[in-house]
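Trainee: What follows is coords.cif, made up of mmCIF, C-alpha atoms and all ligand atoms:
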data_my_file
loop_
_atom_site.label_atom_id
_atom_site.label_comp_id
_atom_site.auth_asym_id
_atom_site.auth_seq_id
_atom_site.Cartn_x
_atom_site.Cartn_y
_atom_site.Cartn_z
CA MET A 40 -2.05 22.85 9.41
CA SER A 41 0.48 24.10 6.82
CA THR A 42 -0.68 23.79 3.25
CA CYS A 43 1.94 25.80 1.35
CA MET A 44 4.40 23.77 -0.71
CA THR A 45 7.28 26.12 0.06
CA SER A 46 6.62 26.64 3.75
CA SER A 47 8.19 23.49 5.24
CA PRO A 48 10.81 24.69 7.69
CA GLU A 49 14.24 23.18 7.21
CA LYS A 50 15.09 22.15 10.73
CA LYS A 51 18.64 22.07 11.93
CA ASN A 52 19.95 18.54 11.24
CA GLY A 53 16.45 17.69 10.01
CA PRO A 54 15.21 16.67 6.60
CA LYS A 55 16.17 18.89 3.70
CA LYS A 56 13.52 20.73 1.77
CA THR A 57 11.94 18.63 -0.94
CA PRO A 58 13.06 19.24 -4.54
CA VAL A 59 9.63 18.00 -5.69
CA TRP A 60 7.16 20.70 -6.69
CA THR A 61 3.63 21.14 -8.01
CA THR A 62 1.29 23.83 -9.27
CA ILE A 63 -1.51 22.59 -7.02
CA ASN A 64 -2.58 24.94 -4.22
CA PHE A 65 -4.03 22.59 -1.64
CA ASP A 66 -5.90 25.45 0.07
CA ALA A 67 -7.84 26.45 -3.04
CA PRO A 68 -11.41 25.14 -3.38
CA GLY A 69 -12.38 22.98 -6.33
CA MET A 70 -10.61 20.28 -8.37
CA GLN A 71 -6.99 20.72 -9.45
CA THR A 72 -4.88 18.29 -11.44
CA ASP A 73 -1.13 18.44 -11.89
CA PHE A 74 1.85 16.32 -10.91
CA ALA A 75 4.28 15.90 -8.13
CA ARG A 76 7.17 17.00 -10.33
CA VAL A 77 10.21 14.97 -9.35
CA PRO A 78 13.43 16.45 -10.80
CA TYR A 79 15.38 13.81 -12.72
CA SER A 80 18.37 14.59 -14.90
CA SER A 81 18.78 11.87 -17.53
CA ASN A 82 20.73 11.35 -20.74
CA THR A 83 17.72 12.52 -22.72
CA SER A 84 16.39 15.26 -20.41
CA ALA A 85 18.99 17.28 -18.53
CA TYR A 86 16.58 19.56 -16.66
CA GLY A 87 13.42 17.44 -16.72
CA TRP A 88 11.10 16.05 -14.07
CA ILE A 89 9.11 12.84 -13.62
CA PRO A 90 5.34 13.50 -13.76
CA VAL A 91 3.71 11.72 -10.79
CA PRO A 92 -0.02 12.40 -11.37
CA MET A 93 -1.78 14.15 -8.49
CA VAL A 94 -5.34 15.42 -8.06
CA CYS A 95 -6.70 17.57 -5.24
CA PHE A 96 -10.40 18.03 -4.47
CA ASN A 97 -11.16 20.69 -1.88
CA GLY A 98 -14.76 21.26 -0.89
CA GLY A 99 -13.82 24.59 0.65
CA LYS A 100 -15.69 23.82 3.90
CA GLY A 101 -12.74 22.96 6.11
CA GLY A 102 -13.50 19.25 6.56
CA ALA A 103 -11.00 16.45 7.04
CA THR A 104 -8.38 15.49 4.45
CA ALA A 105 -7.88 12.01 2.99
CA LEU A 106 -4.62 11.14 1.25
CA LEU A 107 -5.20 8.23 -1.16
CA THR A 108 -2.33 6.54 -2.98
CA ALA A 109 -1.73 3.55 -5.27
CA GLY A 110 1.01 2.47 -7.65
CA THR A 111 3.51 2.62 -4.80
CA HIS A 112 4.46 -0.70 -6.35
CA GLY A 113 4.01 -0.48 -10.11
CA ASP A 114 2.69 -4.01 -10.75
CA GLU A 115 -0.29 -3.83 -8.37
CA TYR A 116 -3.39 -2.69 -10.21
CA GLU A 117 -6.61 -2.77 -8.17
CA GLY A 118 -5.81 0.43 -6.29
CA GLN A 119 -4.55 2.19 -9.40
CA VAL A 120 -7.81 1.58 -11.23
CA ALA A 121 -10.03 2.23 -8.19
CA LEU A 122 -8.45 5.65 -7.59
CA ARG A 123 -8.75 6.62 -11.27
CA ARG A 124 -12.45 5.74 -11.13
CA LEU A 125 -12.83 7.69 -7.90
CA VAL A 126 -11.31 10.80 -9.47
CA HIS A 127 -14.07 10.84 -12.09
CA GLU A 128 -16.77 10.33 -9.47
CA LEU A 129 -15.43 13.05 -7.17
CA SER A 130 -15.33 15.49 -10.08
CA ARG A 131 -19.16 15.29 -9.98
CA THR A 132 -19.49 15.26 -6.17
CA GLU A 133 -19.86 18.02 -3.61
CA LEU A 134 -17.28 17.59 -0.84
CA GLU A 135 -17.21 18.76 2.77
CA GLY A 136 -13.54 17.91 3.12
CA ARG A 137 -10.45 17.48 0.95
CA VAL A 138 -9.14 14.47 -0.99
CA ILE A 139 -5.61 14.24 -2.41
CA ILE A 140 -5.16 11.36 -4.86
CA LEU A 141 -1.93 9.97 -6.36
CA PRO A 142 -2.88 6.80 -8.29
CA ALA A 143 0.62 6.12 -9.71
CA LEU A 144 2.85 7.14 -6.83
CA ASN A 145 6.00 5.46 -8.16
CA GLN A 146 5.23 6.54 -11.73
CA PRO A 147 8.41 5.09 -13.31
CA ALA A 148 7.60 1.67 -11.79
CA VAL A 149 3.98 1.92 -12.96
CA LYS A 150 5.05 2.73 -16.52
CA ALA A 151 7.45 -0.23 -16.47
CA GLY A 152 4.86 -2.60 -14.91
CA CYS A 153 7.38 -3.39 -12.19
CA ARG A 154 7.36 -3.43 -8.39
CA ASN A 155 10.43 -1.22 -8.17
CA SER A 156 11.61 1.80 -10.13
CA PRO A 157 13.62 1.07 -13.28
CA LEU A 158 15.46 4.38 -12.76
CA ASP A 159 17.21 3.64 -9.49
CA GLY A 160 15.91 0.20 -8.43
CA GLY A 161 14.07 1.90 -5.57
CA ASN A 162 11.29 0.08 -3.72
CA LEU A 163 9.13 3.04 -2.70
CA ASN A 164 7.51 1.14 0.18
CA ARG A 165 10.93 0.43 1.71
CA LEU A 166 12.29 3.98 1.56
CA PHE A 167 10.14 6.01 3.95
CA PRO A 168 10.64 8.60 5.31
CA GLY A 169 12.70 9.18 2.17
CA SER A 170 15.48 11.51 1.24
CA ALA A 171 15.64 14.72 -0.76
CA ASN A 172 18.79 13.82 -2.70
CA GLU A 173 19.24 10.04 -2.93
CA GLY A 174 17.45 9.31 -6.20
CA PRO A 175 13.92 9.78 -7.54
CA THR A 176 12.25 7.01 -5.53
CA ALA A 177 13.54 8.30 -2.20
CA ALA A 178 12.58 11.82 -3.30
CA ILE A 179 8.97 10.71 -3.86
CA ALA A 180 8.85 9.18 -0.36
CA HIS A 181 10.38 12.34 1.09
CA PHE A 182 7.82 14.54 -0.67
CA VAL A 183 4.93 12.42 0.62
CA ALA A 184 6.25 12.40 4.19
CA GLN A 185 7.31 16.05 4.33
CA GLU A 186 4.62 17.78 2.27
CA LEU A 187 1.53 15.56 2.11
CA PHE A 188 1.49 13.91 5.56
CA PRO A 189 1.03 17.29 7.31
CA LEU A 190 -2.13 17.84 5.25
CA ALA A 191 -3.69 14.43 5.96
CA ASP A 192 -6.10 13.28 8.65
CA LEU A 193 -6.29 9.76 7.22
CA ILE A 194 -4.29 7.81 4.64
CA ILE A 195 -5.09 4.78 2.49
CA ASP A 196 -2.19 3.32 0.46
CA LEU A 197 -3.60 0.63 -1.85
CA HIS A 198 -1.43 -2.42 -2.59
CA SER A 199 -1.96 -5.92 -3.98
CA GLY A 200 0.10 -9.09 -4.23
CA GLY A 201 1.68 -8.02 -7.51
CA SER A 202 3.85 -10.25 -9.67
CA SER A 203 5.24 -12.49 -6.94
CA LEU A 204 2.37 -13.11 -4.49
CA ASP A 205 -1.21 -14.41 -4.49
CA TYR A 206 -2.87 -12.61 -1.58
CA LEU A 207 -6.01 -12.99 0.53
CA PRO A 208 -7.88 -9.67 0.13
CA MET A 209 -7.26 -7.64 3.27
CA ALA A 210 -6.52 -4.29 4.80
CA LEU A 211 -3.53 -3.85 7.10
CA ALA A 212 -2.43 -1.33 9.67
CA HIS A 213 0.09 -0.75 12.39
CA PRO A 214 -1.70 -1.00 15.75
CA GLY A 215 -1.21 2.64 16.77
CA ARG A 216 1.02 4.07 19.50
CA SER A 217 -1.70 4.84 22.04
CA GLY A 218 -5.26 3.91 22.94
CA PRO A 219 -6.84 6.73 20.90
CA GLU A 220 -4.63 5.92 17.89
CA ALA A 221 -5.54 2.24 18.14
CA ASP A 222 -9.24 3.15 18.26
CA ALA A 223 -8.88 5.38 15.18
CA ILE A 224 -7.10 2.62 13.27
CA ARG A 225 -9.78 0.07 14.10
CA ARG A 226 -12.53 2.50 13.11
CA LEU A 227 -10.81 3.05 9.75
CA LEU A 228 -10.32 -0.69 9.17
CA LYS A 229 -13.96 -1.48 10.01
CA CYS A 230 -15.21 1.32 7.77
CA PHE A 231 -13.01 0.24 4.83
CA GLY A 232 -14.51 -3.20 5.33
CA ALA A 233 -12.10 -5.60 3.63
CA PRO A 234 -12.92 -9.26 4.28
CA TYR A 235 -9.89 -9.45 6.61
CA SER A 236 -8.15 -6.72 8.60
CA ALA A 237 -4.65 -7.39 9.85
CA LEU A 238 -2.77 -5.57 12.57
CA THR A 239 0.96 -5.89 12.03
CA ASP A 240 4.20 -4.43 13.31
CA GLY A 241 5.74 -4.82 9.85
CA SER A 242 8.36 -7.31 11.02
CA GLY A 243 7.38 -9.76 8.29
CA GLY A 244 8.17 -7.25 5.54
CA GLY A 245 8.83 -3.55 5.40
CA GLY A 246 9.26 -2.75 9.10
CA GLY A 247 9.27 0.99 9.63
CA SER A 248 10.15 1.86 6.04
CA THR A 249 6.64 1.63 4.57
CA LEU A 250 4.33 4.53 3.84
CA TYR A 251 1.80 3.48 6.47
CA ALA A 252 4.47 2.89 9.11
CA ALA A 253 5.83 6.39 8.48
CA ALA A 254 2.30 7.78 8.73
CA GLU A 255 1.88 6.11 12.14
CA ARG A 256 4.97 7.98 13.37
CA HIS A 257 3.19 11.20 12.34
CA GLY A 258 0.15 10.15 14.36
CA ILE A 259 -2.04 9.78 11.25
CA ALA A 260 -4.61 6.99 10.97
CA ALA A 261 -3.28 5.01 8.00
CA ILE A 262 -4.14 1.70 6.42
CA THR A 263 -2.79 -0.24 3.47
CA THR A 264 -4.27 -3.16 1.55
CA GLU A 265 -3.50 -6.38 -0.28
CA LEU A 266 -6.25 -6.85 -2.84
CA GLY A 267 -5.29 -9.66 -5.17
CA GLY A 268 -2.47 -11.62 -6.68
CA GLY A 269 -0.37 -11.68 -9.80
CA PRO A 270 0.28 -8.77 -12.17
CA THR A 271 -3.37 -8.45 -13.17
CA LEU A 272 -6.64 -6.79 -12.11
CA SER A 273 -8.79 -8.79 -9.69
CA GLU A 274 -12.50 -8.04 -10.04
CA GLN A 275 -13.07 -8.84 -6.35
CA GLY A 276 -10.10 -6.76 -5.24
CA LEU A 277 -11.20 -3.79 -7.33
CA SER A 278 -14.70 -4.01 -5.84
CA ILE A 279 -13.31 -4.10 -2.27
CA ALA A 280 -11.19 -1.02 -3.00
CA GLU A 281 -14.00 0.95 -4.62
CA ASP A 282 -16.50 0.20 -1.85
CA GLY A 283 -14.00 0.81 0.92
CA LEU A 284 -12.80 4.15 -0.42
CA ARG A 285 -16.35 5.45 -0.82
CA ARG A 286 -17.41 4.31 2.65
CA VAL A 287 -14.42 5.99 4.26
CA LEU A 288 -14.98 9.29 2.43
CA ARG A 289 -18.68 9.17 3.29
CA ASP A 290 -18.44 8.09 6.93
CA PHE A 291 -15.54 10.41 7.81
CA GLY A 292 -17.58 13.37 6.55
CA ILE A 293 -15.33 14.16 3.60
CA ALA A 294 -17.84 13.39 0.84
CA SER A 295 -21.03 12.47 2.67
CA SER A 296 -23.20 12.29 -0.46
CA LEU A 297 -21.22 9.40 -2.00
CA LYS A 298 -23.34 6.30 -2.62
CA CYS A 299 -21.87 3.02 -1.46
CA ARG A 300 -22.74 -0.37 -0.09
CA GLU A 301 -22.54 -1.03 3.65
CA ALA A 302 -19.55 -3.01 4.89
CA ALA A 303 -19.80 -6.64 5.86
CA PRO A 304 -18.09 -7.33 9.20
CA THR A 305 -14.34 -7.62 8.75
CA GLN A 306 -12.44 -10.45 10.43
CA PHE A 307 -9.53 -9.15 12.50
CA VAL A 308 -6.35 -11.18 12.13
CA ARG A 309 -2.65 -10.89 12.98
CA PHE A 310 0.35 -11.95 10.98
CA ARG A 311 2.50 -14.63 12.51
CA ASN A 312 5.46 -12.74 11.02
CA ARG A 313 8.66 -14.69 10.32
CA ASN A 314 7.56 -17.68 12.42
CA GLY A 315 4.49 -18.00 10.23
CA THR A 316 6.27 -17.54 6.90
CA ILE A 317 7.73 -20.48 5.01
CA TYR A 318 10.79 -19.63 2.92
CA SER A 319 12.03 -21.85 0.13
CA PRO A 320 14.93 -24.03 1.32
CA CYS A 321 16.29 -24.52 -2.21
CA ASP A 322 15.99 -23.47 -5.83
CA GLY A 323 13.35 -25.27 -7.89
CA LEU A 324 9.71 -25.49 -8.91
CA PHE A 325 7.19 -24.83 -6.10
CA GLU A 326 4.15 -27.11 -6.11
CA SER A 327 1.64 -25.74 -3.59
CA PHE A 328 -1.13 -27.74 -1.92
CA VAL A 329 -2.90 -24.77 -0.31
CA ARG A 330 -4.58 -21.53 -1.32
CA PRO A 331 -5.10 -18.13 0.34
CA GLY A 332 -7.88 -18.25 2.94
CA GLN A 333 -7.38 -21.92 3.74
CA ASN A 334 -7.05 -23.04 7.39
CA VAL A 335 -3.98 -25.20 7.91
CA THR A 336 -2.51 -27.05 10.91
CA SER A 337 1.00 -27.62 12.20
CA GLY A 338 2.56 -30.66 10.54
CA GLN A 339 0.41 -30.40 7.43
CA CYS A 340 2.17 -30.72 4.07
CA ALA A 341 2.15 -27.36 2.25
CA GLY A 342 3.71 -28.59 -0.98
CA PHE A 343 6.98 -29.59 -2.60
CA VAL A 344 9.95 -27.91 -4.24
CA HIS A 345 11.22 -29.92 -7.21
CA ARG A 346 14.90 -29.37 -7.98
CA ILE A 347 15.37 -28.49 -11.61
CA ASP A 348 18.66 -30.31 -12.28
CA ASP A 349 18.09 -33.32 -10.01
CA VAL A 350 15.35 -35.55 -11.32
CA SER A 351 16.23 -38.74 -9.46
CA THR A 352 15.89 -37.56 -5.83
CA GLN A 353 12.61 -36.91 -4.08
CA PRO A 354 11.35 -33.31 -4.09
CA THR A 355 11.79 -31.31 -0.86
CA GLU A 356 8.62 -31.45 1.24
CA ILE A 357 7.38 -28.16 2.73
CA VAL A 358 5.63 -28.61 6.10
CA PHE A 359 3.71 -26.08 8.19
CA ARG A 360 5.35 -25.47 11.59
CA SER A 361 2.32 -23.67 12.98
CA SER A 362 -1.42 -23.50 12.43
CA GLY A 363 -3.28 -20.58 10.88
CA ILE A 364 -4.97 -19.08 7.85
CA VAL A 365 -3.01 -18.84 4.59
CA ALA A 366 -2.53 -15.10 3.92
CA PHE A 367 -0.47 -15.43 0.76
CA LYS A 368 1.42 -17.87 -1.34
CA ARG A 369 4.09 -17.35 -3.94
CA PHE A 370 2.60 -16.69 -7.38
CA PRO A 371 5.38 -17.82 -9.78
CA THR A 372 6.19 -21.52 -9.73
CA LEU A 373 9.91 -20.94 -10.27
CA THR A 374 11.47 -20.26 -6.89
CA ALA A 375 14.86 -19.69 -5.32
CA THR A 376 16.35 -20.23 -1.87
CA GLY A 377 14.92 -17.60 0.49
CA ASP A 378 11.76 -16.80 -1.47
CA ALA A 379 8.68 -16.41 0.76
CA LEU A 380 6.44 -19.32 -0.28
CA ILE A 381 3.52 -19.07 2.18
CA GLY A 382 2.53 -16.69 4.99
CA LEU A 383 0.10 -17.42 7.80
CA LEU A 384 -2.37 -15.36 9.82
CA LYS A 385 -4.07 -16.08 13.11
CA ALA A 386 -7.50 -14.92 14.12
CA ASP A 387 -7.71 -11.93 16.47
CA ALA A 388 -10.38 -10.49 18.71
CA ALA A 389 -12.52 -7.92 16.92
ZN ZN B 401 2.79 -3.40 -2.83
#
Re-express the file's structure as structure tokens.
Mentor:
Amino acid sequence: MSTCMTSSPEKKNGPKKTPVWTTINFDAPGMQTDFARVPYSSNTSAYGWIPVPMVCFNGGKGGATALLTAGTHGDEYEGQVALRRLVHELSRTELEGRVIILPALNQPAVKAGCRNSPLDGGNLNRLFPGSANEGPTAAIAHFVAQELFPLADLIIDLHSGGSSLDYLPMALAHPGRSGPEADAIRRLLKCFGAPYSALTDGSGGGGGSTLYAAAERHGIAAITTELGGGPTLSEQGLSIAEDGLRRVLRDFGIASSLKCREAAPTQFVRFRNRNGTIYSPCDGLFESFVRPGQNVTSGQCAGFVHRIDDVSTQPTEIVFRSSGIVAFKRFPTLTATGDALIGLLKADAA
């Protein structure tokens, strides 16, 4: 397992060496804090870099490595706060393994309170495996995939609904490419212990361009989460994240002395993908009749879209075309043609 920041071989026709650098030596025991330093030449800083905060805890005993990230989307807060709390707890904890934490992975987006980067418009969770020279957001993805993935035995990338979605608290994962990978994913999902655990192929959203999809291609057990809705901090979502992180670090032998509550059984579900997602057929005001977690049936009215400039005609009725559990609904009332209004799950065998 290579742990030197400058040792990544530049393969012929392969990815270029990352321009991102850090003072952290991942092999050294103890706690180190620095940044993933992402070069960015701006009008006000010709030779500067973007400081993406990064902390490494190494127990010095050769145990497994967990890579924990949040702020991949800047307006999703439960994971950002949970990881900052975890840093303080791990600074007082003896570890058997290693934990690498980046709680504000797309730092420019976090500072702006936005999903995407204000510097280049980049959506970090749509840019994996990234690129060394196509803007700062792609460079962050490239650094994670090229330099941090090879260090990691398991990955948790914490997301929430953010500004545009109200989400049922859940963990998500790609199913794995083989039987052993599938078993490892299910073990990680059960240990994290979110109320719902969804296996998805990503076809409803990011496809293969997400952090956890890229991790699957590296053969790493990786999960992501959706822990709340709206650009705020959900108390329940924060609690799920804090408990889940501690259980995983304890049960995977990385920080076995961590105190945490035992997991309640998680309910395995699958996304219905595009067939289970209702998109707005027109611009207007979305009036929803359902909430996340609710069971709905085919033919049931989901709500209406009221056209802003047309008061005299009836609003457009939104009807479910399949049955399932509401995974998310759109958070803002104002909507436009093509916005995802509601997504459905179906129950899966455990
Ligand atoms: Zn997100």
Trainee: Within 10 Å of (-0.3, -10.0, -11.8) (coordinates as in the file), grab all the protein and nucleic acid residues, counting all atoms listed in the file, and write them out as a ChimeraX atom specification.
Mentor: /A:114-116,152,199-205,267-273,370-371
Trainee: Could the residues in this selection be saved with C-alpha atoms as an mmCIF file, in the coordinates of the input?
Mentor:
data_model
loop_
_atom_site.group_PDB
_atom_site.id
_atom_site.type_symbol
_atom_site.label_atom_id
_atom_site.label_comp_id
_atom_site.auth_asym_id
_atom_site.auth_seq_id
_atom_site.Cartn_x
_atom_site.Cartn_y
_atom_site.Cartn_z
ATOM 1 C CA ASP A 114 2.690 -4.010 -10.750
ATOM 2 C CA GLU A 115 -0.290 -3.830 -8.370
ATOM 3 C CA TYR A 116 -3.390 -2.690 -10.210
ATOM 4 C CA GLY A 152 4.860 -2.600 -14.910
ATOM 5 C CA SER A 199 -1.960 -5.920 -3.980
ATOM 6 C CA GLY A 200 0.100 -9.090 -4.230
ATOM 7 C CA GLY A 201 1.680 -8.020 -7.510
ATOM 8 C CA SER A 202 3.850 -10.250 -9.670
ATOM 9 C CA SER A 203 5.240 -12.490 -6.940
ATOM 10 C CA LEU A 204 2.370 -13.110 -4.490
ATOM 11 C CA ASP A 205 -1.210 -14.410 -4.490
ATOM 12 C CA GLY A 267 -5.290 -9.660 -5.170
ATOM 13 C CA GLY A 268 -2.470 -11.620 -6.680
ATOM 14 C CA GLY A 269 -0.370 -11.680 -9.800
ATOM 15 C CA PRO A 270 0.280 -8.770 -12.170
ATOM 16 C CA THR A 271 -3.370 -8.450 -13.170
ATOM 17 C CA LEU A 272 -6.640 -6.790 -12.110
ATOM 18 C CA SER A 273 -8.790 -8.790 -9.690
ATOM 19 C CA PHE A 370 2.600 -16.690 -7.380
ATOM 20 C CA PRO A 371 5.380 -17.820 -9.780
#
Trainee: Between A:Thr104, A:Thr263, A:Ser130, A:Gln71, which is the closest to ligand ZN 401 (chain B) once you count only C-alpha atoms and all ligand atoms?
Mentor: A:Thr263
Trainee: Would you mind telling me which residue in A:Pro320, A:Gly245, A:Pro58, A:Pro157 lies nearest to ligand ZN 401 (chain B) when using only C-alpha atoms and all ligand atoms?
Mentor: A:Gly245
Trainee: Just how far from atom CA of A:Ile139 is atom CA of A:Leu193, in Å to one decimal?
Mentor: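 That distance, rounded to one decimal, is 10.6 Å.
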Trainee: Please provide the set of residues having any atom within 9 Å of stretch 309-317 of chain A, restricted to all atoms listed in the file, with same-chain residues fewer than 3 positions apart removed, written as a PyMOL selection string.
Mentor: chain A and resi 236-244+320+357-363+366+377-387
Trainee: Interatomic distance between atom CA of A:Val120 and atom CA of A:Ala148?
Mentor: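 That distance, rounded to one decimal, is 15.4 Å.
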Trainee: Measure the distance from atom CA of A:Ala221 to atom CA of A:Asp282 in Å and round it to one decimal.
Mentor: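 For atom CA of A:Ala221 relative to atom CA of A:Asp282, the distance reads 22.9 Å.
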Trainee: Extract, using all atoms listed in the file, all DNA, RNA and protein residues at most 7 Å from A:Ser170, discarding same-chain residues fewer than 4 positions from it, and format them as JSON, numbers by chain.
Mentor: {"A": [177, 178, 181]}
Trainee: Skip A:Thr57 itself and residues of its chain fewer than 4 positions away, then list as a ChimeraX atom specification all residues within 9 Å of it, counting only C-alpha atoms.
Mentor: /A:45,47,170-172,178-179,181-182,185-186
Trainee: Find, counting all atoms listed in the file, the residue in A:Leu288, A:Ile224, A:Leu250, A:Val77 that gets nearest to ligand ZN 401 (chain B).
Mentor: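 The answer is A:Leu250, which sits nearest to ligand ZN 401 (chain B).
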Trainee: With only C-alpha atoms and all ligand atoms as the basis for distance, which of A:Ala375, A:Val335, A:Val183, A:Leu211 is at the shortest distance from ligand ZN 401 (chain B)?
Mentor: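 Counting only C-alpha atoms and all ligand atoms, the residue closest to ligand ZN 401 (chain B) is A:Leu211.
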Trainee: Return the single residue from A:Arg131, A:Arg285, A:Arg123, A:Arg165 that is closest to ligand ZN 401 (chain B), with distances computed using all atoms listed in the file.
Mentor: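 For ligand ZN 401 (chain B), the nearest of the candidates is A:Arg165.
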Trainee: When you look at A:Thr108 with a cut-off of 8 Å (counting all atoms listed in the file), what residues show up, excluding the ones that are within fewer than 2 positions of it in the same chain? I need them as a PyMOL selection string.
Mentor: chain A and resi 106+110-111+118+122+140-144+194-197
Trainee: Any chance you could export the current selection's C-alpha atoms as a short mmCIF file (atom, residue, chain, number, x, y, z; two decimals), keeping the file's coordinate frame?
Mentor:
data_model
loop_
_atom_site.label_atom_id
_atom_site.label_comp_id
_atom_site.auth_asym_id
_atom_site.auth_seq_id
_atom_site.Cartn_x
_atom_site.Cartn_y
_atom_site.Cartn_z
CA LEU A 106 -4.62 11.14 1.25
CA GLY A 110 1.01 2.47 -7.65
CA THR A 111 3.51 2.62 -4.80
CA GLY A 118 -5.81 0.43 -6.29
CA LEU A 122 -8.45 5.65 -7.59
CA ILE A 140 -5.16 11.36 -4.86
CA LEU A 141 -1.93 9.97 -6.36
CA PRO A 142 -2.88 6.80 -8.29
CA ALA A 143 0.62 6.12 -9.71
CA LEU A 144 2.85 7.14 -6.83
CA ILE A 194 -4.29 7.81 4.64
CA ILE A 195 -5.09 4.78 2.49
CA ASP A 196 -2.19 3.32 0.46
CA LEU A 197 -3.60 0.63 -1.85
#
Trainee: May I ask which of the residues A:Phe96, A:Tyr251, A:Tyr79, A:Phe188 is the closest one to ligand ZN 401 (chain B), counting all atoms listed in the file?
Mentor: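 Among the listed residues, A:Tyr251 lies closest to ligand ZN 401 (chain B).
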Trainee: Give me the residues within 12 Å of A:Phe291 as a PDB file with C-alpha atoms, in the frame of the given file, counting all atoms listed in the file and dropping any in the same chain fewer than 6 places off.
Mentor:
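The result, stored in selection-v1.pdb:
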ATOM      1  CA  GLY A 102     -13.500  19.250   6.560  1.00  0.00           C
ATOM      2  CA  ALA A 103     -11.000  16.450   7.040  1.00  0.00           C
ATOM      3  CA  THR A 104      -8.380  15.490   4.450  1.00  0.00           C
ATOM      4  CA  ALA A 105      -7.880  12.010   2.990  1.00  0.00           C
ATOM      5  CA  LEU A 134     -17.280  17.590  -0.840  1.00  0.00           C
ATOM      6  CA  GLU A 135     -17.210  18.760   2.770  1.00  0.00           C
ATOM      7  CA  GLY A 136     -13.540  17.910   3.120  1.00  0.00           C
ATOM      8  CA  ARG A 137     -10.450  17.480   0.950  1.00  0.00           C
ATOM      9  CA  VAL A 138      -9.140  14.470  -0.990  1.00  0.00           C
ATOM     10  CA  ASP A 192      -6.100  13.280   8.650  1.00  0.00           C
ATOM     11  CA  LEU A 193      -6.290   9.760   7.220  1.00  0.00           C
ATOM     12  CA  ILE A 194      -4.290   7.810   4.640  1.00  0.00           C
ATOM     13  CA  ALA A 223      -8.880   5.380  15.180  1.00  0.00           C
ATOM     14  CA  ARG A 226     -12.530   2.500  13.110  1.00  0.00           C
ATOM     15  CA  LEU A 227     -10.810   3.050   9.750  1.00  0.00           C
ATOM     16  CA  CYS A 230     -15.210   1.320   7.770  1.00  0.00           C
ATOM     17  CA  PHE A 231     -13.010   0.240   4.830  1.00  0.00           C
ATOM     18  CA  ALA A 260      -4.610   6.990  10.970  1.00  0.00           C
ATOM     19  CA  GLY A 283     -14.000   0.810   0.920  1.00  0.00           C
ATOM     20  CA  LEU A 284     -12.800   4.150  -0.420  1.00  0.00           C
ATOM     21  CA  ARG A 285     -16.350   5.450  -0.820  1.00  0.00           C
ATOM     22  CA  LEU A 297     -21.220   9.400  -2.000  1.00  0.00           C
TER      23      LEU A 297
END
